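Engineer: Quick one, input-v4.csv (CSV, C-alpha atoms and all ligand atoms):
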chain,number,residue,atom,x,y,z
O,12,MET,CA,10.7,60.3,-0.9
O,13,ARG,CA,8.0,59.1,-3.2
O,14,GLN,CA,10.4,56.7,-4.9
O,15,ARG,CA,11.3,55.2,-1.5
O,16,MET,CA,7.6,54.6,-0.8
O,17,GLN,CA,7.3,52.8,-4.1
O,18,ILE,CA,10.2,50.5,-3.4
O,19,LEU,CA,8.8,49.8,0.0
O,20,GLY,CA,5.5,49.0,-1.6
O,21,ILE,CA,7.0,46.6,-4.0
O,22,MET,CA,9.0,44.8,-1.3
O,23,LEU,CA,5.8,44.5,0.8
O,24,GLY,CA,4.0,43.0,-2.2
O,25,ILE,CA,6.8,40.4,-2.7
O,26,MET,CA,6.6,39.4,0.9
O,27,LEU,CA,2.8,39.1,0.7
O,28,LEU,CA,3.1,36.9,-2.4
O,29,ALA,CA,5.6,34.6,-0.7
O,30,ALA,CA,3.3,34.2,2.3
O,31,CYS,CA,0.3,33.5,0.1
O,32,GLY,CA,2.0,30.7,-1.9
O,33,PRO,CA,0.6,27.2,-1.8
O,34,SER,CA,0.4,25.8,1.7
O,35,PRO,CA,2.2,22.6,2.5
O,36,ALA,CA,0.5,19.2,2.3
O,37,LYS,CA,-1.5,18.6,5.5
O,38,LEU,CA,-2.6,15.0,5.8
O,39,SER,CA,-5.0,13.1,8.0
O,40,ILE,CA,-5.9,9.5,7.8
O,41,ASN,CA,-9.5,8.4,8.3
O,42,GLU,CA,-11.2,5.1,8.7
O,43,PRO,CA,-8.2,2.8,8.5
O,44,TRP,CA,-9.0,-0.9,8.6
O,45,ALA,CA,-7.4,-4.2,7.7
O,46,ARG,CA,-9.1,-7.3,6.2
O,47,ALA,CA,-9.4,-10.3,8.6
O,48,ALA,CA,-7.3,-13.1,7.2
O,49,ALA,CA,-5.8,-16.4,8.4
O,50,MET,CA,-2.1,-17.1,8.2
O,51,THR,CA,-1.8,-20.3,6.1
O,52,GLY,CA,1.0,-22.5,7.2
O,53,ALA,CA,3.5,-23.9,4.6
O,54,SER,CA,3.1,-27.5,6.0
O,55,ALA,CA,0.7,-28.8,3.4
O,56,SER,CA,2.9,-28.0,0.4
O,57,GLY,CA,6.1,-28.4,2.4
O,58,GLY,CA,5.7,-32.2,2.2
O,59,ASN,CA,6.1,-32.0,-1.5
O,60,MET,CA,9.1,-29.7,-1.5
O,61,GLY,CA,11.5,-32.6,-2.2
O,62,ASN,CA,9.9,-33.0,-5.6
O,63,SER,CA,10.1,-29.3,-6.6
O,64,GLY,CA,13.3,-29.7,-8.4
O,65,THR,CA,12.0,-32.2,-10.9
O,66,MET,CA,8.5,-30.8,-11.0
O,67,SER,CA,9.6,-27.3,-11.9
O,68,GLY,CA,11.6,-28.9,-14.8
O,69,THR,CA,8.5,-30.2,-16.4
O,70,THR,CA,6.6,-27.5,-18.2
O,71,GLY,CA,2.9,-27.9,-18.6
O,72,MET,CA,2.0,-30.2,-21.4
O,73,GLY,CA,-1.7,-29.8,-21.5
O,74,ASN,CA,-2.3,-31.2,-18.0
O,75,SER,CA,-3.5,-28.2,-16.1
O,76,GLY,CA,-3.8,-30.1,-12.8
O,77,ALA,CA,-0.1,-30.9,-12.7
O,78,MET,CA,0.8,-27.5,-13.8
O,79,SER,CA,-1.0,-25.7,-11.1
O,80,GLY,CA,0.6,-28.0,-8.6
O,81,THR,CA,4.0,-27.0,-9.8
O,82,MET,CA,3.2,-23.3,-9.7
O,83,ASP,CA,1.9,-23.6,-6.1
O,84,MET,CA,5.1,-25.0,-4.9
O,85,GLY,CA,7.1,-22.3,-6.6
O,86,GLY,CA,5.0,-19.9,-4.6
O,87,THR,CA,5.9,-21.5,-1.3
O,88,ASP,CA,9.6,-21.1,-2.0
O,89,THR,CA,9.3,-17.3,-2.1
O,90,ALA,CA,6.5,-16.8,0.5
O,91,PRO,CA,6.9,-19.4,3.2
O,92,SER,CA,4.0,-18.2,5.4
O,93,GLY,CA,1.5,-17.7,2.6
O,94,GLY,CA,-1.3,-15.7,4.0
O,95,THR,CA,-2.1,-12.3,2.7
O,96,SER,CA,-4.3,-9.4,3.7
O,97,ALA,CA,-4.8,-5.7,2.8
O,98,ALA,CA,-5.2,-2.5,4.7
O,99,TYR,CA,-7.5,0.4,3.6
O,100,MET,CA,-8.0,4.0,4.6
O,101,VAL,CA,-8.9,7.5,3.3
O,102,ILE,CA,-5.9,9.9,3.2
O,103,ALA,CA,-7.2,13.4,3.2
O,104,ASN,CA,-5.0,16.4,2.3
O,105,THR,CA,-6.2,19.8,3.4
O,106,GLY,CA,-3.0,21.5,2.3
O,107,GLY,CA,-2.4,23.3,-1.0
O,108,THR,CA,0.5,21.0,-2.1
O,109,ALA,CA,0.1,17.5,-3.4
O,110,ASP,CA,1.7,14.6,-1.6
O,111,ALA,CA,2.1,10.8,-2.2
O,112,LEU,CA,2.2,7.7,-0.2
O,113,ILE,CA,5.5,6.1,-1.2
O,114,LYS,CA,6.0,3.3,1.4
O,115,ALA,CA,4.2,1.2,4.0
O,116,GLU,CA,5.6,-1.0,6.7
O,117,SER,CA,4.1,-3.3,9.3
O,118,ASP,CA,5.3,-6.0,11.7
O,119,VAL,CA,2.4,-8.3,10.8
O,120,ALA,CA,3.7,-9.3,7.4
O,121,ASP,CA,7.0,-10.3,5.8
O,122,SER,CA,6.6,-7.7,3.1
O,123,VAL,CA,4.3,-4.8,2.6
O,124,GLU,CA,3.6,-3.3,-0.9
O,125,LEU,CA,1.4,-0.6,-2.4
O,126,HIS,CA,-1.0,-2.1,-4.9
O,127,THR,CA,-3.8,-1.1,-7.1
O,128,MET,CA,-6.4,-3.2,-9.0
O,129,THR,CA,-6.6,-3.0,-12.8
O,130,MET,CA,-8.8,-4.8,-15.3
O,131,GLN,CA,-6.8,-7.1,-17.6
O,132,ASP,CA,-8.7,-9.3,-20.1
O,133,ASN,CA,-11.9,-8.9,-18.0
O,134,VAL,CA,-10.1,-10.1,-14.9
O,135,MET,CA,-9.3,-7.8,-11.9
O,136,LYS,CA,-5.6,-8.1,-11.2
O,137,MET,CA,-3.4,-6.6,-8.4
O,138,THR,CA,-0.6,-4.5,-9.6
O,139,PRO,CA,2.2,-3.0,-7.5
O,140,VAL,CA,2.5,0.7,-7.7
O,141,GLU,CA,5.5,2.9,-6.7
O,142,LYS,CA,3.3,5.5,-5.0
O,143,ILE,CA,-0.3,6.5,-4.4
O,144,ASP,CA,-0.9,10.2,-5.2
O,145,ILE,CA,-2.8,12.4,-2.8
O,146,PRO,CA,-3.9,15.6,-4.6
O,147,ALA,CA,-3.8,19.1,-3.0
O,148,ASN,CA,-7.1,19.8,-1.3
O,149,GLY,CA,-8.2,16.3,-2.1
O,150,GLN,CA,-7.9,12.7,-0.9
O,151,ALA,CA,-6.7,9.3,-1.9
O,152,GLU,CA,-9.1,6.4,-1.2
O,153,LEU,CA,-7.6,3.0,-0.4
O,154,LYS,CA,-10.5,0.6,-0.7
O,155,PRO,CA,-11.4,-2.9,-1.9
O,156,GLY,CA,-11.1,-3.1,-5.7
O,157,SER,CA,-8.7,-0.1,-5.8
O,158,PHE,CA,-5.6,1.1,-4.1
O,159,HIS,CA,-4.5,-0.8,-1.0
O,160,VAL,CA,-1.6,-1.6,1.3
O,161,MET,CA,-0.8,-5.3,0.6
O,162,LEU,CA,0.3,-7.4,3.5
O,163,ILE,CA,2.2,-10.4,2.1
O,164,GLY,CA,3.3,-13.4,4.2
O,165,LEU,CA,1.3,-12.8,7.4
O,166,ARG,CA,3.2,-13.6,10.6
O,167,HIS,CA,-0.1,-14.3,12.5
O,168,ASP,CA,-3.8,-14.5,11.9
O,169,LEU,CA,-5.6,-11.2,11.6
O,170,ASN,CA,-8.8,-11.6,13.7
O,171,ASP,CA,-11.8,-9.3,14.0
O,172,GLY,CA,-10.9,-6.7,16.6
O,173,ASP,CA,-7.1,-7.0,16.3
O,174,ILE,CA,-5.0,-3.9,15.5
O,175,VAL,CA,-2.6,-3.7,12.6
O,176,LYS,CA,0.1,-1.1,13.2
O,177,LEU,CA,1.3,0.5,10.0
O,178,THR,CA,4.1,3.0,9.3
O,179,LEU,CA,3.3,5.1,6.3
O,180,THR,CA,6.0,7.2,4.5
O,181,PHE,CA,5.0,10.2,2.4
O,182,GLN,CA,6.9,12.1,-0.2
O,183,ASN,CA,6.5,15.5,1.6
O,184,SER,CA,5.0,14.8,5.0
O,185,GLY,CA,7.5,12.2,6.4
O,186,THR,CA,6.2,9.2,8.2
O,187,MET,CA,2.9,8.6,10.0
O,188,GLN,CA,1.8,5.8,12.4
O,189,VAL,CA,-1.6,4.3,11.8
O,190,GLU,CA,-3.6,1.7,13.8
O,191,ALA,CA,-5.9,-0.1,11.6
O,192,PRO,CA,-8.6,-2.3,13.3
O,193,VAL,CA,-9.1,-5.7,11.7
O,194,ARG,CA,-12.6,-6.5,10.5
O,195,LYS,CA,-14.3,-8.7,8.0
O,196,PRO,CA,-15.1,-6.9,4.7
T,201,CU,CU,-2.7,-6.4,-3.5
As structure tokens, please, write out the structure in this file.
Ligand SMILES: [Cu+2]

Structural biologist:
Amino acid sequence: MRQRMQILGIMLGIMLLAACGPSPAKLSINEPWARAAAMTGASASGGNMGNSGTMSGTTGMGNSGAMSGTMDMGGTDTAPSGGTSAAYMVIANTGGTADALIKAESDVADSVELHTMTMQDNVMKMTPVEKIDIPANGQAELKPGSFHVMLIGLRHDLNDGDIVKLTLTFQNSGTMQVEAPVRKP
């Protein structure tokens, strides 16, 4: 009888331990916003496109003006609509398990990437990242000069008061829809 009670006690203990394990990630997104930006047409550099074949063949020979012209045209080949913007927010996690933002999508841009800013040779540079970590019982801050959702190749202007719809995918929490109002920084 006594032994039976002991076994029962142990089993109860195991069940309690399982129930008290780390709680799943519980995310909330606060203060989302996107930076106002104009979609820049490809028409200005489009006029020079016929030259790009010969131009890209010439590597810079000390003439920085000619070189930057060549590089700009290379850029228009890969990103026809040109304009870029970024979306920011605070992702809070009140759960006991860490999570990570692994993908962002939006209809307003041709491609959407996760970026951070790093200092390289005293210049702030944007660097793509595979994910943005959201610690357990903590938060990830997406803000100017730090992590952000990069909107590349805007399909229309982002004006003050517009809404940018984002679909965010998280490692553990699936997808979430966010509506980020556009404003000037
Ligand atoms: Cu960026």

Engineer: Enumerate as a list in words the residues within 6 Å of ligand CU 201 (chain T), counting only C-alpha atoms and all ligand atoms.

Structural biologist: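 For ligand CU 201 (chain T), the residues inside 6 Å are His126, Met137 and Met161 of chain O.
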
Engineer: With distances taken over all atoms listed in the file, which of O:Ala49, O:Asp118, O:Ile40, O:Val101 is nearest to Leu169 of chain O?

Structural biologist: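 Ranked by minimum distance to Leu169 of chain O, first place goes to O:Ala49.
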
Engineer: Could you tell me how far atom CA of Lys176 of chain O sits from atom CA of Ala191 of chain O, in Å to one decimal place?

Structural biologist: 6.3 Å

Engineer: When you draw a straight line from atom CA of Ile113 of chain O to atom CA of Met100 of chain O, how long is it in Å?

Structural biologist: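 One can read the atom CA of Ile113 of chain O to atom CA of Met100 of chain O distance as 14.8 Å.
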
Engineer: Would you work out the distance separating atom CA of Asn183 of chain O from atom CA of Ile102 of chain O, expressed in Å to one decimal?

Structural biologist: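 About the pair atom CA of Asn183 of chain O and atom CA of Ile102 of chain O: they are 13.7 Å apart.
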
Engineer: For His159 of chain O, work out the shell of residues within 7 Å, counting all atoms listed in the file and skipping chain neighbours fewer than 3 positions away, then give it as a list in words.

Structural biologist: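 Contacts, in chain order: Ala97, Ala98, Tyr99, Leu125, His126, Thr127, Leu153 and Lys154 of chain O.
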
Engineer: Within 9 Å of Arg166 of chain O, counting all atoms listed in the file, which residues show up once you throw out same-chain ones fewer than 3 positions away? Write them as a list in words, please.

Structural biologist: Met50, Ser92, Gly94, Asp118, Val119, Ala120 and Asp121 of chain O
